[in-house]
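Here's the structure, in structure tokens; my notes come after.
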There are 2 protein chains.
Amino acid sequence: MKIRKFSSAVLIVSALTVSAASHSAEHPNLIMTRAGVEQIREELGKIPLFDATLRSVQAEVDAEFAMGIDTPIPKDFSGGYTHERHKQNFLIAEKAGMLFQILEDEKYAVYVRDMLFQYEEMYPDLPLHPQERSYARGKLFWQCLNEANWLVYMSQAYDAIHDWLSPEERAQLEDNLFRPFADFISVENPQFFNRVHNHSTWGAAAVGMIGLVMGDDDLVQRALYGIEDDSLVAGARDDDGGFIREEGQQAGFLANIDEPFSPEGYYTEGPYYQRYAMYPFLIFAVGLQNVKPELGIFQHKNRVLLRSVDVLLNLSDADGEFFPLNDGQKGMSYHSRELVSAVNVAYHFGGGDPQLLNIAEQQGQVLLNDAGFSVAKGIRDGASRPFTKRSLNLSDGADGNQGGVAILRQGDEALTLVFKYSAQGLSHGHYDKLSFSLFEQGEEVFQDYGMARFVNIEQKGGGNYLEENTTWAKQTIAHNTLTQNEISHFEGRYEIGSRHHSELHFFDAAADDVQVVSARETNAYPGTEMLRTMAMIKGESFEKPYVLDILKVNSGGENQYDLPFYFMGQAITANFAFEAQAELAALGEENGYQHLYLEAAGTPVSGNAKFSWLGKRGFYTLTSATESSDELLFTRIGANDPDYNLRRDAALMIRRKGAGNTIFVSILEPHGNYSPVSEIARNANSNVAELKVIHDDRDYTAVTMEDSSGQTVIFILSNTDSSTAAAHRLEIDSRTFDWTGPFHYTRIN
Amino acid sequence: MKIRKFSSAVLIVSALTVSAASHSAEHPNLIMTRAGVEQIREELGKIPLFDATLRSVQAEVDAEFAMGIDTPIPKDFSGGYTHERHKQNFLIAEKAGMLFQILEDEKYAVYVRDMLFQYEEMYPDLPLHPQERSYARGKLFWQCLNEANWLVYMSQAYDAIHDWLSPEERAQLEDNLFRPFADFISVENPQFFNRVHNHSTWGAAAVGMIGLVMGDDDLVQRALYGIEDDSLVAGARDDDGGFIREEGQQAGFLANIDEPFSPEGYYTEGPYYQRYAMYPFLIFAVGLQNVKPELGIFQHKNRVLLRSVDVLLNLSDADGEFFPLNDGQKGMSYHSRELVSAVNVAYHFGGGDPQLLNIAEQQGQVLLNDAGFSVAKGIRDGASRPFTKRSLNLSDGADGNQGGVAILRQGDEALTLVFKYSAQGLSHGHYDKLSFSLFEQGEEVFQDYGMARFVNIEQKGGGNYLEENTTWAKQTIAHNTLTQNEISHFEGRYEIGSRHHSELHFFDAAADDVQVVSARETNAYPGTEMLRTMAMIKGESFEKPYVLDILKVNSGGENQYDLPFYFMGQAITANFAFEAQAELAALGEENGYQHLYLEAAGTPVSGNAKFSWLGKRGFYTLTSATESSDELLFTRIGANDPDYNLRRDAALMIRRKGAGNTIFVSILEPHGNYSPVSEIARNANSNVAELKVIHDDRDYTAVTMEDSSGQTVIFILSNTDSSTAAAHRLEIDSRTFDWTGPFHYTRIN
């Protein structure tokens, strides 16, 4: 809060002078600068990546020119023509503005001007958009969110032609289009604008950026600090089920930085939404830095905006695709346009990290502005260095004390584990405490389902969230974690879930051969405590690293526990008998169970249940230390899905009934591979001979694993004391183990 | 037969002299030649692709050296250790032989010699392999087929070190190992050796090649012409259900060229098995060409061996993966080692087609012999030209009069249709007359299931054909073609199917914008005639080409017709209501129906049933002119599959009951695309407004299609007269159409 007061003071003083000065300031000054443009013009033809991007953007814009300008009467949801046309308009206008500045060809300015005046003519009479689904309907688009997108881009287009327009033209556009537009998405829609939410980040950036271009400091103030008196009441909800206003909540751009980002730069909604929000965060920050450098926006909260770019790049698999934590669309990656911006801005304003150039090379394009120019120049000059992703533990929450997300990596992303023990993640959060997903070289081994939504595919519910997002994708049973008594964590209720988070027990990725994360959840099921520990281990006689998974449950009651593993691939073999169902019925009635078919059921035949499958990168085996009364259920998603909104993916679920305190221990083991071209199956069998829990009490859990070569290792976990300095002694079967720290891993024969 | 007699005569004469001469001939002379080796040695370090392959092979062989030689007691099926070890042995020995010749490093010769003597020591006492599944059990391997593989490779290894060994060593190896080995897989197993089958091709090559190296002309004769008196009886079967001996059947290598290859070079079992057989066909041919050039083996049957390489390359999708006609493993491609050989040999001995160099570049490796050297040199010298795949019609049968396979391609493989109207395809054939599959840029749009087998994955039935290959993959309902009364074509009986083939009506790929294939099947269901016509059309207002599919059925009876479309992707929308089943049960009891779950059922709401999905390359819509009483069934594979041997893939099936003469007309339309990175859905809706059958009688069928821009085209088919010269006149709704040839396509408004 200190920063906020300080910044306010600076702004109030400067507002008096800047407001007048700004109108006489030379444009462009928002994202492009005059000095930057001059340098770009001088070096045209000398910077390959910049020149290539320029050619490609020019071709794209020129192709649009050929079709003329269309600003249709708004009608459609996303995916429909009017929506996509207005979206394309602002994207092209922004590019045309840049082309005008760089190429000094007036046809681009004329295009932007003509488009803006078509909007200027239609806007004053536009009613609310006819689609009524949104909690904050727009005019051009069905929701204010897209309206804000429009203004963020159009601000840049306007800035590019600002000085080329006559004062009368500027006045006409500002009075009839931009200022009413900014007011509409802010003071007229406080439920959209005055929140901490990615929607509001867009709103703040939109209002602030047009304010910066117009030199309207009222708008800039509104963008930074929100609306003072918005008459919103605590507890109201948006159409995703998120709270619009919580008690004591701040608003405005700075609050939207302060709240959802943890100190390390993790964004509480998860990477898919962080990617979406990064563009307005960074592009408005660039505008503020250029027009109001005294605000020091990039220094805010210990450089959190710049840090978050690095975090986001690390929240991706080997192909650059973001982990689908919470609501996330699979396939979204750092090749998206938002990440081109983010990487360019982080490089230009963040000190020139040469690893970012490596990402920019992969993206194959840059921004056509000062930041993009820096990047392209850096690449030309050979400054690029490989971007190395690492194991890391990211705290969640504004102060970093609301759980987190841990990523364990081995062997240059050969194996990547994503472990979630975070806070709820606002309205896009799923009920999946202590869940995980696992990737081998960019391919899913155990998947997180992601979201039930086909973004911008109009035929699927207008491209919006589908009912199955709530009934399936958010439910606990849709994730690789424990469901108790067929009820989701926090009863699947947002108001409960958003009050809680898991607690880190410890994280240790210092040694390459054994990396461990362990976290505890005590609120998902009152009276039940879950401690889940996942260790990524490079075993001596194993070809690839594997994951040891220990889930210890303490509960007074007698419960049914379901622990599913959503494996990806073709079943190969199991060491237990299972019987296929003659007819497939849903496994349950609610909480996601209604969407699972039970395909087959079996019981363990020995102390270990083993199941192997063939996935895209090779063979995989799940070895679980089971109890003889466990049920082993093969399920498939797709029941009660009348519109085919869900994928037909499989899982193996371990079901344990009538249990209170118990423990689930498994090894997730990638091994070998298969090529349909050579037809050679290499290392197709599990190398785990026996997995055993040899000790389990309040303080310690000890597991041994004998491999197929006869070697045995032991992993001992300190369940209560996570101190790295604490010395431990434990006797098991008259053998004494001494170690320091929260876990002990060693070979015992 | 003339060729046979002539060749025999030549061989008998030469045998007398060559037999003695051969022993004094200088080795290597089989696949490598002394002259070739000398040239290779001279140019080492100057031919990049050859040098790269040499380095890679050397690294592979040296790594094997480090592990020593192991020739374990035979025990396992394919996929198991002893099988894979013996297989690896012959592959490495052959490579070591080449390295010895090229690098003149004796350690490679020592390795081959030591390995051969280990085999020489164990072979005389080896019993039959303990696995009893095969109709022709081997000794080192569970079947003679793999035994023959061993000898084909070991002949080359032996040839490479032949002159380096002492006469005593050669005598020992030949007397105790090679000659008994060759006898075992020929005279002792005539049911394996003396057939027309890919197994026998391997057998002939094995016996012939070791015969060439040893200068044993008896073996060469046996290889070329088979065993005279084999005591096999007509009608016996192998374990795949194929006939071992049919009445009047020839045997030997030349018969194996004459029978299964059509004059154009299509191999009747399909490309997966053609690929497998190409290696022995070509490698033995190279040996014959080098040792017995007077035989003119590459000229045999109008150069069919060389032509078949070009055909095989054309039987692949845009990624080089072979179409899975009949039993075929998906993913097998021209990157396989067999195709490296085929392409190298076809280039070296076939006149140096520069397009083959393009394939070799993609393969990224060459053979380390004369042929590979030619290819690598051609590439270095810049002779490579793009390999252009084309639309083509391939006849089936030794004389090219047993139906065929047609491939239609548009826009540089953007869209590829595979249409099958062939003969049965020996024991690997499926019961799917007039079926099709469709690819867009290497991705399946409508799939052919392929085979139910996990080649060399031991856990899945020893890597052999699974029961589901018979109960599912071979059945008609597993394919995109018509099943009548839930019974497969030819009752699913091999002895009936192998007597029949479909007949081409016509094929016309002369015009790029309308390519048509049409074929008739009258034997699959006695009393029922099916005429299926598929036209690939580049429509004026369509972004991508589409396929018009007209299936006309004439039958006296009242039948149930099922026409499934195995679409690949996520269902997006349908224009008809359908109801999901509460519980999933099998659709039927036999003939493949027992493996299909019925997921949902609907009925058409208008004259056209439309269904859209999202696949890997974009959106697709199936538009069908339906009757109001049709049932539209969504099915999924996987029922009665207790071991998860089948994939869970979907289909939309049109079911028409109580029909005699009828017609199914559909448009298979690729359109637009979707990117999860840009989140833009482009051209997501079908452009077909209405599809109508406006005329249908014995002689003519006429279909109109109005597109979403209001344009209408007509396609008229001459059902009986396929002459390209015939003039036709047809009046429909008082409009007269005049045209020449078997079809007429034109815009009518």
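Following the order of the structure tokens, chains are lettered A, B, ..., residues in each are numbered from 1, and ligands are numbered from 1.
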(request) Give the residues of chain B that lie within 8 Å of chain A; count only C-alpha atoms, and format the answer as a PyMOL selection string. (result) chain B and resi 79+329-333+335-337+455-457+459-460+570-573+579-580+582-586+639-645+647-648+676-681+684
(request) as a ChimeraX atom specification, please: all residues of stretch 577-744 of chain A that backbone DSSP puts in strand (DSSP E). (result) /A:578-580,596-602,608-615,618-625,631-637,650-659,662-671,673-675,680-682,688-696,700-707,712-718,727-732,735-740,743-744
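Comparing B:Arg617, B:His505, B:Lys538, B:His129 by their smallest distance to B:Cys144, the closest is B:His129 (using only C-alpha atoms).
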(request) Would you mind listing what lies within 12 Å of B:Glu174 as a PyMOL selection string, with only C-alpha atoms counted and same-chain residues fewer than 4 positions away left out? (result) chain B and resi 116-117+119-120+123+154-155+158-159+162+165+167-170+178-183+210-211+213-216
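Between atom CA of A:Ala157 and atom CA of A:Phe284 lies a distance of 14.1 Å.
The nearest approach to B:Ala59 among the residues B:Leu99, B:Ile73, B:Gly557, B:Asp696, with only C-alpha atoms taken into account, belongs to B:Leu99.
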(request) Can you pull out every residue within 10 Å of B:Ser629, counting only C-alpha atoms, but drop anything in the same chain fewer than 4 positions away, and send it as JSON, numbers by chain? (result) {"B": [603, 604, 655, 656, 657, 658]}
If we count only C-alpha atoms, what is near B:Ile47 at a cut-off of 8 Å, once residues fewer than 3 positions away on the same chain are taken out, given as a JSON list (two decimals) with N, CA, C and O atoms, in the first residue's frame?
```json
[["chain", "number", "residue", "atom", "x", "y", "z"],
["B", 43, "GLU", "N", 36.35, -42.46, -52.36],
["B", 43, "GLU", "CA", 35.60, -41.21, -52.19],
["B", 43, "GLU", "C", 35.20, -40.95, -50.74],
["B", 43, "GLU", "O", 34.42, -40.03, -50.47],
["B", 44, "LEU", "N", 35.70, -41.76, -49.82],
["B", 44, "LEU", "CA", 35.34, -41.57, -48.41],
["B", 44, "LEU", "C", 35.65, -40.13, -47.99],
["B", 44, "LEU", "O", 36.71, -39.61, -48.31],
["B", 50, "PHE", "N", 26.56, -40.26, -47.51],
["B", 50, "PHE", "CA", 27.20, -41.57, -47.33],
["B", 50, "PHE", "C", 28.08, -41.55, -46.07],
["B", 50, "PHE", "O", 28.03, -42.46, -45.25],
["B", 51, "ASP", "N", 28.84, -40.49, -45.93],
["B", 51, "ASP", "CA", 29.73, -40.38, -44.77],
["B", 51, "ASP", "C", 28.94, -40.34, -43.47],
["B", 51, "ASP", "O", 29.31, -40.96, -42.47],
["B", 376, "ALA", "N", 23.85, -41.30, -52.70],
["B", 376, "ALA", "CA", 24.50, -40.23, -51.95],
["B", 376, "ALA", "C", 25.28, -39.30, -52.88],
["B", 376, "ALA", "O", 25.32, -38.09, -52.69],
["B", 377, "LYS", "N", 25.88, -39.90, -53.91],
["B", 377, "LYS", "CA", 26.63, -39.12, -54.87],
["B", 377, "LYS", "C", 25.68, -38.23, -55.69],
["B", 377, "LYS", "O", 25.96, -37.05, -55.92],
["B", 380, "ARG", "N", 24.69, -35.35, -53.56],
["B", 380, "ARG", "CA", 25.79, -34.39, -53.44],
["B", 380, "ARG", "C", 25.93, -33.55, -54.70],
["B", 380, "ARG", "O", 26.18, -32.34, -54.65]]
```
(message) As an exercise, work out the distance from atom CA of B:Ile537 to atom CA of B:Asp513 in Å and give it to one decimal place.
(response) 5.4 Å
(request) Would you kindly return, as an MDAnalysis selection string, each protein, DNA or RNA residue with an atom no farther than 12 Å from any atom of stretch 196-199 of chain A, considering only C-alpha atoms and excluding same-chain residues fewer than 6 positions away? (result) chainID A and resid 135:136 143:149 185:186 189:190 205:206 225:226 238 240 242:246 248:261 267:281 398 425:428
(request) May I have the residues within 12 Å of A:Arg55 as a list of chain:residue names, using only C-alpha atoms and disregarding those fewer than 3 positions away in the same chain? (result)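 Result of the neighbour search: A:Leu44, A:Gly45, A:Pro48, A:Leu49, A:Phe50, A:Asp51, A:Ala52, A:Gln58, A:Ala59, A:Glu60, A:Val61, A:Asp62, A:Lys95, A:Leu99, A:Ile102, A:Leu103, A:Gln365, A:Val366, A:Leu368.
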(request) Quick one: pull the distance between atom CA of B:Trp739 and atom CA of B:Thr522, Å, one decimal. (result)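 Separation of atom CA of B:Trp739 and atom CA of B:Thr522: 27.7 Å.
For stretch 449-505 of chain A, the set of residues given helix (DSSP H, G or I) by DSSP on the backbone reads Gly461, Gly462, Gly463, Glu467, Glu468, Asn469, Thr470, Thr471, Trp472, Ala473, Thr476, Ile477, Ala478, His489, Phe490, Glu491, Gly492, Tyr494, Glu495, Ile496 and Gly497 of chain A.
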